[in-house]
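Peer 1: One structure, pasted below without further comment.
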Amino acid sequence: MPDSTISDSPLPGLYIVATPIGNLGDISARAAATLAAADVIAAEDTRVTAKLLAHLGLRVPMTPYHDHSDERTRAALVARMADEIVILVSDAGTPLISDPGYKLVRDARGAGRHVTTLPGPCAAIAAITLSGLPSDRFLFAGFLPNKAKARADTLAEFAGLRATLVFYESGPRLSASLAAMAEGLGDREAAVAREISKLYEQCVTGTLSNLAARYADAPPKGEIVVVVGPPGAAIAEAADDATLDAALREAMAGKPVAQAAKAVAKRFGLDRHETYARALTLKEGG
């Protein structure tokens, strides 16, 4: 049953609206209807949002809201939310995901305003689905710092996490960032996704070092997402079956299957669920 509160008569307040990351056809019907009902749109770049509104045939007042917006700008928007529909959009994708907005949401909630979100496109999520890398646990890390020392320190914080890592990146910085990731994280399996949902969408996979070499002399254009597999992903591909089976049998001699698989997975840097399945097969086979 349709939500009449949103589609027919939106309440005054703040609406966080995800917009297309490439193909304008990805705007949802609900997002389009809510944009049409807005009193004002707080946009990261009004020129970019104007193109979306033109595509939808809408003319809605806009005001800039970006990283440099001050407290007075936020206060003015929160005041308007008392009896107007205020929409927050970024240039593309879901607001607040490596984009400005959390302070506005925080202040709106603090003032008791109605706050809701209209889910939709997100480059980080889309890139994970394209990468073929483990998606059961992941960390969105945004943009790495520009300076080498700060970048290395940031990567060191992530190195021990058993999760897929997701970064946003620009073409000119891509090769250097990939090389830094290979050094700081190990030469893991990774994917570089760009121009997602556009005509020239591309997702290139390989090790971090190979990808760094690929883009060293040919920095790509467009919006870029780097997806890096968890530690052990490359080891798992090259693991010696006999060595792994021997380790599992030894561990299962003194531990339950689940505990043995967990210990061996940690030792070899393997996926715990896959190692458990292998241990069950060994146990059932004698």
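Labeling convention for the structure tokens: chains A, B, ... as they appear, residues from 1 per chain, ligands from 1 in order of appearance.
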What's around A:Pro20 at 8 Å? Count only C-alpha atoms, leave out sequence neighbours fewer than 6 positions away in its own chain, and write the answer as JSON, numbers by chain.
Peer 2: {"A": [26, 27, 92, 93, 120, 121]}
Peer 1: DSSP on the backbone: which residues in stretch 17-80 of chain A end up as helix (DSSP H, G or I)? Give the answer as a PDB file with all heavy atoms, in the first residue's frame.
Peer 2:
```pdb
ATOM      1  N   LEU A  24      20.404   9.320 -15.250  1.00  0.00           N
ATOM      2  CA  LEU A  24      19.316  10.075 -14.621  1.00  0.00           C
ATOM      3  C   LEU A  24      18.032   9.261 -14.505  1.00  0.00           C
ATOM      4  O   LEU A  24      17.155   9.589 -13.708  1.00  0.00           O
ATOM      5  CB  LEU A  24      19.057  11.363 -15.400  1.00  0.00           C
ATOM      6  CG  LEU A  24      20.190  12.391 -15.386  1.00  0.00           C
ATOM      7  CD1 LEU A  24      19.803  13.622 -16.202  1.00  0.00           C
ATOM      8  CD2 LEU A  24      20.545  12.785 -13.961  1.00  0.00           C
ATOM      9  N   GLY A  25      17.949   8.170 -15.271  1.00  0.00           N
ATOM     10  CA  GLY A  25      16.780   7.310 -15.190  1.00  0.00           C
ATOM     11  C   GLY A  25      16.690   6.548 -13.888  1.00  0.00           C
ATOM     12  O   GLY A  25      15.667   5.929 -13.592  1.00  0.00           O
ATOM     13  N   ASP A  26      17.762   6.596 -13.083  1.00  0.00           N
ATOM     14  CA  ASP A  26      17.762   5.878 -11.814  1.00  0.00           C
ATOM     15  C   ASP A  26      17.047   6.638 -10.692  1.00  0.00           C
ATOM     16  O   ASP A  26      16.924   6.115  -9.586  1.00  0.00           O
ATOM     17  CB  ASP A  26      19.204   5.589 -11.368  1.00  0.00           C
ATOM     18  CG  ASP A  26      19.886   4.543 -12.234  1.00  0.00           C
ATOM     19  OD1 ASP A  26      19.168   3.767 -12.894  1.00  0.00           O
ATOM     20  OD2 ASP A  26      21.134   4.507 -12.264  1.00  0.00           O
ATOM     21  N   ALA A  29      10.579   7.150  -8.465  1.00  0.00           N
ATOM     22  CA  ALA A  29       9.333   7.908  -8.595  1.00  0.00           C
ATOM     23  C   ALA A  29       9.042   8.671  -7.307  1.00  0.00           C
ATOM     24  O   ALA A  29       8.571   9.811  -7.336  1.00  0.00           O
ATOM     25  CB  ALA A  29       8.185   6.953  -8.926  1.00  0.00           C
ATOM     26  N   ARG A  30       9.337   8.052  -6.172  1.00  0.00           N
ATOM     27  CA  ARG A  30       9.104   8.709  -4.883  1.00  0.00           C
ATOM     28  C   ARG A  30      10.015   9.920  -4.721  1.00  0.00           C
ATOM     29  O   ARG A  30       9.579  10.977  -4.251  1.00  0.00           O
ATOM     30  CB  ARG A  30       9.336   7.707  -3.762  1.00  0.00           C
ATOM     31  CG  ARG A  30       9.093   8.283  -2.372  1.00  0.00           C
ATOM     32  CD  ARG A  30       9.424   7.254  -1.316  1.00  0.00           C
ATOM     33  NE  ARG A  30       9.390   7.856   0.018  1.00  0.00           N
ATOM     34  CZ  ARG A  30      10.110   7.440   1.037  1.00  0.00           C
ATOM     35  NH1 ARG A  30      10.945   6.424   0.890  1.00  0.00           N
ATOM     36  NH2 ARG A  30      10.015   8.031   2.213  1.00  0.00           N
ATOM     37  N   ALA A  31      11.296   9.774  -5.122  1.00  0.00           N
ATOM     38  CA  ALA A  31      12.224  10.901  -5.015  1.00  0.00           C
ATOM     39  C   ALA A  31      11.772  12.049  -5.907  1.00  0.00           C
ATOM     40  O   ALA A  31      11.799  13.217  -5.504  1.00  0.00           O
ATOM     41  CB  ALA A  31      13.637  10.451  -5.382  1.00  0.00           C
ATOM     42  N   ALA A  32      11.348  11.732  -7.126  1.00  0.00           N
ATOM     43  CA  ALA A  32      10.896  12.769  -8.052  1.00  0.00           C
ATOM     44  C   ALA A  32       9.671  13.503  -7.501  1.00  0.00           C
ATOM     45  O   ALA A  32       9.574  14.732  -7.582  1.00  0.00           O
ATOM     46  CB  ALA A  32      10.588  12.150  -9.410  1.00  0.00           C
ATOM     47  N   ALA A  33       8.726  12.751  -6.931  1.00  0.00           N
ATOM     48  CA  ALA A  33       7.515  13.365  -6.382  1.00  0.00           C
ATOM     49  C   ALA A  33       7.846  14.250  -5.185  1.00  0.00           C
ATOM     50  O   ALA A  33       7.250  15.323  -5.007  1.00  0.00           O
ATOM     51  CB  ALA A  33       6.525  12.275  -5.975  1.00  0.00           C
ATOM     52  N   THR A  34       8.799  13.831  -4.370  1.00  0.00           N
ATOM     53  CA  THR A  34       9.171  14.621  -3.197  1.00  0.00           C
ATOM     54  C   THR A  34       9.913  15.887  -3.611  1.00  0.00           C
ATOM     55  O   THR A  34       9.701  16.959  -3.033  1.00  0.00           O
ATOM     56  CB  THR A  34      10.028  13.774  -2.236  1.00  0.00           C
ATOM     57  OG1 THR A  34       9.324  12.565  -1.929  1.00  0.00           O
ATOM     58  CG2 THR A  34      10.298  14.521  -0.938  1.00  0.00           C
ATOM     59  N   LEU A  35      10.787  15.779  -4.606  1.00  0.00           N
ATOM     60  CA  LEU A  35      11.456  16.976  -5.129  1.00  0.00           C
ATOM     61  C   LEU A  35      10.439  17.984  -5.640  1.00  0.00           C
ATOM     62  O   LEU A  35      10.580  19.190  -5.435  1.00  0.00           O
ATOM     63  CB  LEU A  35      12.423  16.583  -6.248  1.00  0.00           C
ATOM     64  CG  LEU A  35      13.717  15.873  -5.831  1.00  0.00           C
ATOM     65  CD1 LEU A  35      14.416  15.289  -7.056  1.00  0.00           C
ATOM     66  CD2 LEU A  35      14.647  16.836  -5.098  1.00  0.00           C
ATOM     67  N   ALA A  36       9.412  17.484  -6.299  1.00  0.00           N
ATOM     68  CA  ALA A  36       8.382  18.368  -6.850  1.00  0.00           C
ATOM     69  C   ALA A  36       7.609  19.094  -5.753  1.00  0.00           C
ATOM     70  O   ALA A  36       7.106  20.201  -5.958  1.00  0.00           O
ATOM     71  CB  ALA A  36       7.427  17.564  -7.731  1.00  0.00           C
ATOM     72  N   ALA A  37       7.523  18.468  -4.572  1.00  0.00           N
ATOM     73  CA  ALA A  37       6.753  19.065  -3.478  1.00  0.00           C
ATOM     74  C   ALA A  37       7.588  19.986  -2.602  1.00  0.00           C
ATOM     75  O   ALA A  37       7.053  20.621  -1.687  1.00  0.00           O
ATOM     76  CB  ALA A  37       6.152  17.950  -2.612  1.00  0.00           C
ATOM     77  N   THR A  46      24.309  23.769  -6.874  1.00  0.00           N
ATOM     78  CA  THR A  46      23.000  24.024  -7.492  1.00  0.00           C
ATOM     79  C   THR A  46      23.033  23.836  -9.006  1.00  0.00           C
ATOM     80  O   THR A  46      22.019  23.490  -9.615  1.00  0.00           O
ATOM     81  CB  THR A  46      22.519  25.451  -7.163  1.00  0.00           C
ATOM     82  OG1 THR A  46      23.513  26.400  -7.583  1.00  0.00           O
ATOM     83  CG2 THR A  46      22.269  25.594  -5.663  1.00  0.00           C
ATOM     84  N   ARG A  47      24.200  24.007  -9.615  1.00  0.00           N
ATOM     85  CA  ARG A  47      24.297  23.819 -11.078  1.00  0.00           C
ATOM     86  C   ARG A  47      24.107  22.355 -11.448  1.00  0.00           C
ATOM     87  O   ARG A  47      23.467  22.037 -12.450  1.00  0.00           O
ATOM     88  CB  ARG A  47      25.657  24.312 -11.582  1.00  0.00           C
ATOM     89  CG  ARG A  47      25.870  25.818 -11.424  1.00  0.00           C
ATOM     90  CD  ARG A  47      27.318  26.174 -11.631  1.00  0.00           C
ATOM     91  NE  ARG A  47      28.188  25.520 -10.640  1.00  0.00           N
ATOM     92  CZ  ARG A  47      29.501  25.669 -10.586  1.00  0.00           C
ATOM     93  NH1 ARG A  47      30.119  26.443 -11.469  1.00  0.00           N
ATOM     94  NH2 ARG A  47      30.216  25.051  -9.654  1.00  0.00           N
ATOM     95  N   VAL A  48      24.659  21.468 -10.626  1.00  0.00           N
ATOM     96  CA  VAL A  48      24.509  20.031 -10.882  1.00  0.00           C
ATOM     97  C   VAL A  48      23.063  19.605 -10.661  1.00  0.00           C
ATOM     98  O   VAL A  48      22.467  18.899 -11.480  1.00  0.00           O
ATOM     99  CB  VAL A  48      25.461  19.228  -9.969  1.00  0.00           C
ATOM    100  CG1 VAL A  48      25.193  17.729 -10.100  1.00  0.00           C
ATOM    101  CG2 VAL A  48      26.913  19.535 -10.309  1.00  0.00           C
ATOM    102  N   THR A  49      22.478  20.045  -9.553  1.00  0.00           N
ATOM    103  CA  THR A  49      21.101  19.669  -9.248  1.00  0.00           C
ATOM    104  C   THR A  49      20.128  20.264 -10.262  1.00  0.00           C
ATOM    105  O   THR A  49      19.087  19.661 -10.558  1.00  0.00           O
ATOM    106  CB  THR A  49      20.736  20.113  -7.818  1.00  0.00           C
ATOM    107  OG1 THR A  49      21.665  19.524  -6.904  1.00  0.00           O
ATOM    108  CG2 THR A  49      19.330  19.684  -7.444  1.00  0.00           C
ATOM    109  N   ALA A  50      20.459  21.419 -10.813  1.00  0.00           N
ATOM    110  CA  ALA A  50      19.594  22.041 -11.824  1.00  0.00           C
ATOM    111  C   ALA A  50      19.425  21.124 -13.039  1.00  0.00           C
ATOM    112  O   ALA A  50      18.346  21.096 -13.656  1.00  0.00           O
ATOM    113  CB  ALA A  50      20.168  23.390 -12.254  1.00  0.00           C
ATOM    114  N   LYS A  51      20.461  20.369 -13.384  1.00  0.00           N
ATOM    115  CA  LYS A  51      20.364  19.450 -14.524  1.00  0.00           C
ATOM    116  C   LYS A  51      19.371  18.329 -14.244  1.00  0.00           C
ATOM    117  O   LYS A  51      18.604  17.929 -15.120  1.00  0.00           O
ATOM    118  CB  LYS A  51      21.741  18.865 -14.839  1.00  0.00           C
ATOM    119  CG  LYS A  51      22.758  19.898 -15.310  1.00  0.00           C
ATOM    120  CD  LYS A  51      24.119  19.261 -15.541  1.00  0.00           C
ATOM    121  CE  LYS A  51      25.147  20.311 -15.958  1.00  0.00           C
ATOM    122  NZ  LYS A  51      26.495  19.713 -16.145  1.00  0.00           N
ATOM    123  N   LEU A  52      19.370  17.837 -13.007  1.00  0.00           N
ATOM    124  CA  LEU A  52      18.413  16.799 -12.627  1.00  0.00           C
ATOM    125  C   LEU A  52      16.995  17.353 -12.648  1.00  0.00           C
ATOM    126  O   LEU A  52      16.068  16.714 -13.167  1.00  0.00           O
ATOM    127  CB  LEU A  52      18.748  16.245 -11.246  1.00  0.00           C
ATOM    128  CG  LEU A  52      17.744  15.245 -10.663  1.00  0.00           C
ATOM    129  CD1 LEU A  52      17.646  14.003 -11.531  1.00  0.00           C
ATOM    130  CD2 LEU A  52      18.137  14.876  -9.229  1.00  0.00           C
ATOM    131  N   LEU A  53      16.821  18.551 -12.105  1.00  0.00           N
ATOM    132  CA  LEU A  53      15.485  19.158 -12.096  1.00  0.00           C
ATOM    133  C   LEU A  53      14.987  19.401 -13.512  1.00  0.00           C
ATOM    134  O   LEU A  53      13.802  19.188 -13.815  1.00  0.00           O
ATOM    135  CB  LEU A  53      15.517  20.469 -11.306  1.00  0.00           C
ATOM    136  CG  LEU A  53      15.818  20.350  -9.809  1.00  0.00           C
ATOM    137  CD1 LEU A  53      15.847  21.734  -9.163  1.00  0.00           C
ATOM    138  CD2 LEU A  53      14.801  19.458  -9.113  1.00  0.00           C
ATOM    139  N   ALA A  54      15.882  19.822 -14.407  1.00  0.00           N
ATOM    140  CA  ALA A  54      15.494  20.033 -15.806  1.00  0.00           C
ATOM    141  C   ALA A  54      15.064  18.716 -16.437  1.00  0.00           C
ATOM    142  O   ALA A  54      14.087  18.661 -17.202  1.00  0.00           O
ATOM    143  CB  ALA A  54      16.658  20.648 -16.582  1.00  0.00           C
ATOM    144  N   HIS A  55      15.779  17.636 -16.114  1.00  0.00           N
ATOM    145  CA  HIS A  55      15.423  16.308 -16.629  1.00  0.00           C
ATOM    146  C   HIS A  55      14.020  15.910 -16.176  1.00  0.00           C
ATOM    147  O   HIS A  55      13.263  15.282 -16.929  1.00  0.00           O
ATOM    148  CB  HIS A  55      16.448  15.285 -16.147  1.00  0.00           C
ATOM    149  CG  HIS A  55      16.080  13.861 -16.435  1.00  0.00           C
ATOM    150  ND1 HIS A  55      16.178  13.303 -17.690  1.00  0.00           N
ATOM    151  CD2 HIS A  55      15.586  12.883 -15.610  1.00  0.00           C
ATOM    152  CE1 HIS A  55      15.778  12.041 -17.639  1.00  0.00           C
ATOM    153  NE2 HIS A  55      15.407  11.762 -16.398  1.00  0.00           N
ATOM    154  N   LEU A  56      13.670  16.303 -14.947  1.00  0.00           N
ATOM    155  CA  LEU A  56      12.360  15.961 -14.394  1.00  0.00           C
ATOM    156  C   LEU A  56      11.284  16.980 -14.752  1.00  0.00           C
ATOM    157  O   LEU A  56      10.108  16.786 -14.433  1.00  0.00           O
ATOM    158  CB  LEU A  56      12.460  15.856 -12.866  1.00  0.00           C
ATOM    159  CG  LEU A  56      13.376  14.752 -12.325  1.00  0.00           C
ATOM    160  CD1 LEU A  56      13.534  14.892 -10.818  1.00  0.00           C
ATOM    161  CD2 LEU A  56      12.821  13.376 -12.676  1.00  0.00           C
ATOM    162  N   GLU A  71      27.206  27.653  10.484  1.00  0.00           N
ATOM    163  CA  GLU A  71      26.126  27.364  11.424  1.00  0.00           C
ATOM    164  C   GLU A  71      24.887  28.205  11.137  1.00  0.00           C
ATOM    165  O   GLU A  71      23.754  27.744  11.320  1.00  0.00           O
ATOM    166  CB  GLU A  71      26.622  27.620  12.848  1.00  0.00           C
ATOM    167  CG  GLU A  71      25.656  27.188  13.924  1.00  0.00           C
ATOM    168  CD  GLU A  71      26.238  27.321  15.311  1.00  0.00           C
ATOM    169  OE1 GLU A  71      27.474  27.418  15.430  1.00  0.00           O
ATOM    170  OE2 GLU A  71      25.446  27.324  16.283  1.00  0.00           O
ATOM    171  N   ARG A  72      25.076  29.438  10.682  1.00  0.00           N
ATOM    172  CA  ARG A  72      23.920  30.290  10.376  1.00  0.00           C
ATOM    173  C   ARG A  72      23.109  29.724   9.219  1.00  0.00           C
ATOM    174  O   ARG A  72      21.867  29.794   9.223  1.00  0.00           O
ATOM    175  CB  ARG A  72      24.395  31.704  10.035  1.00  0.00           C
ATOM    176  CG  ARG A  72      24.897  32.500  11.243  1.00  0.00           C
ATOM    177  CD  ARG A  72      25.315  33.897  10.841  1.00  0.00           C
ATOM    178  NE  ARG A  72      26.407  33.878   9.861  1.00  0.00           N
ATOM    179  CZ  ARG A  72      26.912  34.946   9.268  1.00  0.00           C
ATOM    180  NH1 ARG A  72      26.400  36.146   9.525  1.00  0.00           N
ATOM    181  NH2 ARG A  72      27.915  34.842   8.420  1.00  0.00           N
ATOM    182  N   THR A  73      23.812  29.157   8.224  1.00  0.00           N
ATOM    183  CA  THR A  73      23.109  28.548   7.093  1.00  0.00           C
ATOM    184  C   THR A  73      22.269  27.372   7.564  1.00  0.00           C
ATOM    185  O   THR A  73      21.105  27.210   7.172  1.00  0.00           O
ATOM    186  CB  THR A  73      24.115  28.076   6.032  1.00  0.00           C
ATOM    187  OG1 THR A  73      24.881  29.199   5.583  1.00  0.00           O
ATOM    188  CG2 THR A  73      23.404  27.437   4.844  1.00  0.00           C
ATOM    189  N   ARG A  74      22.876  26.534   8.420  1.00  0.00           N
ATOM    190  CA  ARG A  74      22.131  25.391   8.954  1.00  0.00           C
ATOM    191  C   ARG A  74      20.941  25.851   9.793  1.00  0.00           C
ATOM    192  O   ARG A  74      19.841  25.303   9.683  1.00  0.00           O
ATOM    193  CB  ARG A  74      23.044  24.495   9.799  1.00  0.00           C
ATOM    194  CG  ARG A  74      24.063  23.723   8.994  1.00  0.00           C
ATOM    195  CD  ARG A  74      24.669  22.590   9.819  1.00  0.00           C
ATOM    196  NE  ARG A  74      25.351  23.058  11.006  1.00  0.00           N
ATOM    197  CZ  ARG A  74      26.596  23.504  11.024  1.00  0.00           C
ATOM    198  NH1 ARG A  74      27.281  23.579   9.879  1.00  0.00           N
ATOM    199  NH2 ARG A  74      27.159  23.898  12.143  1.00  0.00           N
ATOM    200  N   ALA A  75      21.158  26.853  10.620  1.00  0.00           N
ATOM    201  CA  ALA A  75      20.081  27.343  11.491  1.00  0.00           C
ATOM    202  C   ALA A  75      18.905  27.861  10.664  1.00  0.00           C
ATOM    203  O   ALA A  75      17.735  27.643  11.007  1.00  0.00           O
ATOM    204  CB  ALA A  75      20.612  28.439  12.414  1.00  0.00           C
ATOM    205  N   ALA A  76      19.210  28.543   9.557  1.00  0.00           N
ATOM    206  CA  ALA A  76      18.151  29.082   8.700  1.00  0.00           C
ATOM    207  C   ALA A  76      17.343  27.950   8.068  1.00  0.00           C
ATOM    208  O   ALA A  76      16.106  28.014   7.979  1.00  0.00           O
ATOM    209  CB  ALA A  76      18.756  29.974   7.620  1.00  0.00           C
ATOM    210  N   LEU A  77      18.039  26.897   7.644  1.00  0.00           N
ATOM    211  CA  LEU A  77      17.338  25.756   7.040  1.00  0.00           C
ATOM    212  C   LEU A  77      16.496  25.024   8.074  1.00  0.00           C
ATOM    213  O   LEU A  77      15.350  24.643   7.807  1.00  0.00           O
ATOM    214  CB  LEU A  77      18.344  24.792   6.401  1.00  0.00           C
ATOM    215  CG  LEU A  77      18.985  25.264   5.099  1.00  0.00           C
ATOM    216  CD1 LEU A  77      20.155  24.364   4.712  1.00  0.00           C
ATOM    217  CD2 LEU A  77      17.953  25.308   3.967  1.00  0.00           C
ATOM    218  N   VAL A  78      17.033  24.857   9.266  1.00  0.00           N
ATOM    219  CA  VAL A  78      16.285  24.171  10.329  1.00  0.00           C
ATOM    220  C   VAL A  78      15.038  24.976  10.701  1.00  0.00           C
ATOM    221  O   VAL A  78      13.967  24.411  10.946  1.00  0.00           O
ATOM    222  CB  VAL A  78      17.187  23.948  11.563  1.00  0.00           C
ATOM    223  CG1 VAL A  78      16.368  23.446  12.758  1.00  0.00           C
ATOM    224  CG2 VAL A  78      18.294  22.953  11.235  1.00  0.00           C
ATOM    225  N   ALA A  79      15.158  26.276  10.707  1.00  0.00           N
ATOM    226  CA  ALA A  79      13.994  27.123  10.997  1.00  0.00           C
ATOM    227  C   ALA A  79      12.912  26.931   9.943  1.00  0.00           C
ATOM    228  O   ALA A  79      11.714  26.861  10.271  1.00  0.00           O
ATOM    229  CB  ALA A  79      14.421  28.583  11.075  1.00  0.00           C
ATOM    230  N   ARG A  80      13.314  26.842   8.689  1.00  0.00           N
ATOM    231  CA  ARG A  80      12.336  26.667   7.606  1.00  0.00           C
ATOM    232  C   ARG A  80      11.628  25.327   7.704  1.00  0.00           C
ATOM    233  O   ARG A  80      10.481  25.180   7.250  1.00  0.00           O
ATOM    234  CB  ARG A  80      13.023  26.801   6.249  1.00  0.00           C
ATOM    235  CG  ARG A  80      13.586  28.185   5.983  1.00  0.00           C
ATOM    236  CD  ARG A  80      14.115  28.322   4.560  1.00  0.00           C
ATOM    237  NE  ARG A  80      13.048  28.234   3.567  1.00  0.00           N
ATOM    238  CZ  ARG A  80      13.196  28.523   2.273  1.00  0.00           C
ATOM    239  NH1 ARG A  80      14.386  28.926   1.833  1.00  0.00           N
ATOM    240  NH2 ARG A  80      12.185  28.419   1.442  1.00  0.00           N
TER     241      ARG A  80
END
```
Peer 1: So, with only C-alpha atoms as the atoms that count, which of A:Arg106, A:Arg137, A:Lys198, A:Arg249 lies closest to A:Gly229?
Peer 2: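 With only C-alpha atoms as the atom set, the closest residue is A:Arg137.
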Peer 1: Considering only C-alpha atoms, can you say which of A:Val105, A:Ile128, A:Leu165, A:Leu174 comes closest to A:Ala141?
Peer 2: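 For A:Ala141, the nearest of the given residues is A:Leu165.
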Peer 1: Skipping near chain neighbours, those fewer than 2 positions away, what residues fall within 10 Å of A:Ala213 using only C-alpha atoms, listed as a PyMOL selection string?
Peer 2: chain A and resi 175-176+178-179+208-211+215-218
Peer 1: Which residues come within 6 Å of A:Tyr65, counting only C-alpha atoms, excluding same-chain residues fewer than 5 positions away, as an NGL selection string?
Peer 2: :A and (42-44)
